[in-house]
Amino acid sequence: MPPAAVFVLEIPDVVMELKALNTVKDRAEGMTESALITPLEIIVWLAALIMGLTGVVWFANYRDSRMPLALIVVSAVVLLLITFLFPPLWLRVVLDLGLLAGLVWMARRPIQVIELQPTAEIRSV
């Protein structure tokens, strides 16, 4: 297998090992987490992903593409932070709220839709 493919396949493994080690450490220290924590973590991660994908759609469909591009980049950074650094849940929610604020701000601005111009006219004979 090419080294790049092995690297890509190892990323989920590293994330899973880190999460498992953090869980073992917390349990050894006597800390227990609520049953709602894991579903909330998943919801927060999916929210960041959906906002980034919304930015991708806006980037492809609208003329002024600087704001959607900024949202895409920030969303990617937030996803990387959430995935690899495991910040506290409150910080993850704050990061998602920041993404949501950017998304709402973009949605309230007037948007110029890209209009496709025909390259040649079709003439009937």
# chains A, B, ... in the order shown; residues from 1 in each chain; ligands from 1
$ residues_around --residues "Leu103 in chain A" --least-positions-apart "5" --cutoff "8 Å" --atoms "only C-alpha atoms" --output "PyMOL selection string"
chain A and resi 51+55+71
$ select_by_dssp --residues "range 34-68 of chain A" --states "alpha helix (DSSP H)" --output "PyMOL selection string"
chain A and resi 37-61+66-68
$ write_last_selection --atoms "N, CA, C and O atoms" --output "compact mmCIF listing (two decimals), in the first residue's frame"
# COMPACT_ATOMS: atom_id res chain seq x y z
N ILE A 37 -22.67 12.93 27.19
CA ILE A 37 -21.47 13.59 26.69
C ILE A 37 -21.11 13.12 25.28
O ILE A 37 -20.87 13.93 24.39
N THR A 38 -21.07 11.83 25.05
CA THR A 38 -20.68 11.31 23.73
C THR A 38 -21.65 11.75 22.64
O THR A 38 -21.21 12.23 21.59
N PRO A 39 -22.98 11.64 22.83
CA PRO A 39 -23.88 12.15 21.78
C PRO A 39 -23.71 13.66 21.55
O PRO A 39 -23.77 14.12 20.42
N LEU A 40 -23.47 14.42 22.62
CA LEU A 40 -23.26 15.86 22.45
C LEU A 40 -21.98 16.15 21.68
O LEU A 40 -21.94 17.05 20.84
N GLU A 41 -20.93 15.38 21.95
CA GLU A 41 -19.68 15.55 21.20
C GLU A 41 -19.90 15.28 19.72
O GLU A 41 -19.38 16.01 18.86
N ILE A 42 -20.67 14.25 19.42
CA ILE A 42 -20.95 13.92 18.02
C ILE A 42 -21.77 15.02 17.36
O ILE A 42 -21.50 15.42 16.23
N ILE A 43 -22.76 15.53 18.07
CA ILE A 43 -23.61 16.61 17.52
C ILE A 43 -22.80 17.86 17.25
O ILE A 43 -22.94 18.50 16.20
N VAL A 44 -21.90 18.21 18.17
CA VAL A 44 -21.07 19.40 17.99
C VAL A 44 -20.15 19.23 16.79
O VAL A 44 -19.96 20.14 15.98
N TRP A 45 -19.56 18.03 16.63
CA TRP A 45 -18.68 17.78 15.50
C TRP A 45 -19.46 17.84 14.18
O TRP A 45 -19.00 18.45 13.21
N LEU A 46 -20.63 17.21 14.16
CA LEU A 46 -21.44 17.23 12.93
C LEU A 46 -21.91 18.64 12.59
O LEU A 46 -22.01 19.00 11.41
N ALA A 47 -22.20 19.46 13.61
CA ALA A 47 -22.61 20.84 13.35
C ALA A 47 -21.49 21.61 12.67
O ALA A 47 -21.73 22.36 11.71
N ALA A 48 -20.26 21.43 13.13
CA ALA A 48 -19.12 22.11 12.49
C ALA A 48 -18.95 21.62 11.05
O ALA A 48 -18.68 22.41 10.14
N LEU A 49 -19.13 20.33 10.83
CA LEU A 49 -19.02 19.78 9.48
C LEU A 49 -20.10 20.34 8.57
O LEU A 49 -19.83 20.74 7.43
N ILE A 50 -21.33 20.38 9.04
CA ILE A 50 -22.44 20.89 8.22
C ILE A 50 -22.25 22.35 7.88
O ILE A 50 -22.50 22.78 6.75
N MET A 51 -21.76 23.15 8.83
CA MET A 51 -21.53 24.56 8.53
C MET A 51 -20.41 24.73 7.51
O MET A 51 -20.47 25.59 6.63
N GLY A 52 -19.39 23.89 7.58
CA GLY A 52 -18.33 23.93 6.57
C GLY A 52 -18.83 23.52 5.20
O GLY A 52 -18.49 24.13 4.19
N LEU A 53 -19.68 22.50 5.15
CA LEU A 53 -20.25 22.08 3.87
C LEU A 53 -21.19 23.14 3.30
O LEU A 53 -21.26 23.31 2.07
N THR A 54 -21.88 23.86 4.17
CA THR A 54 -22.71 24.98 3.71
C THR A 54 -21.83 26.05 3.07
O THR A 54 -22.19 26.61 2.04
N GLY A 55 -20.68 26.29 3.66
CA GLY A 55 -19.73 27.23 3.07
C GLY A 55 -19.25 26.77 1.71
O GLY A 55 -19.07 27.57 0.80
N VAL A 56 -19.05 25.45 1.56
CA VAL A 56 -18.63 24.91 0.25
C VAL A 56 -19.71 25.16 -0.80
O VAL A 56 -19.41 25.57 -1.93
N VAL A 57 -20.97 24.94 -0.44
CA VAL A 57 -22.07 25.17 -1.39
C VAL A 57 -22.14 26.65 -1.76
O VAL A 57 -22.29 26.99 -2.94
N TRP A 58 -22.03 27.52 -0.77
CA TRP A 58 -22.07 28.96 -1.07
C TRP A 58 -20.87 29.39 -1.89
O TRP A 58 -20.97 30.24 -2.76
N PHE A 59 -19.72 28.80 -1.63
CA PHE A 59 -18.52 29.13 -2.41
C PHE A 59 -18.71 28.78 -3.88
O PHE A 59 -18.27 29.51 -4.77
N ALA A 60 -19.39 27.66 -4.13
CA ALA A 60 -19.58 27.21 -5.51
C ALA A 60 -20.67 28.00 -6.23
O ALA A 60 -20.64 28.12 -7.46
N ASN A 61 -21.63 28.56 -5.50
CA ASN A 61 -22.79 29.15 -6.15
C ASN A 61 -22.85 30.67 -6.17
O ASN A 61 -23.69 31.22 -6.87
N ARG A 66 -15.27 35.20 -1.02
CA ARG A 66 -14.29 35.35 0.06
C ARG A 66 -14.87 34.91 1.40
O ARG A 66 -14.21 34.23 2.17
N MET A 67 -16.08 35.32 1.70
CA MET A 67 -16.69 34.97 2.98
C MET A 67 -16.94 33.46 3.10
O MET A 67 -16.59 32.87 4.12
N PRO A 68 -17.52 32.80 2.10
CA PRO A 68 -17.68 31.35 2.22
C PRO A 68 -16.34 30.63 2.34
O PRO A 68 -16.22 29.65 3.07
$ closest_residue --among "A:Asp96, A:Ser34, A:Leu81, A:Phe86" --to "Ala20 in chain A" --atoms "only C-alpha atoms"
A:Phe86
$ closest_residue --among "A:Leu80, A:Ala70, A:Val15, A:Leu9" --to "Met106 in chain A" --atoms "only C-alpha atoms"
A:Ala70
$ atom_distance --atom1 "CA of Val73 in chain A" --atom2 "CA of Ile11 in chain A"
19.8 Å
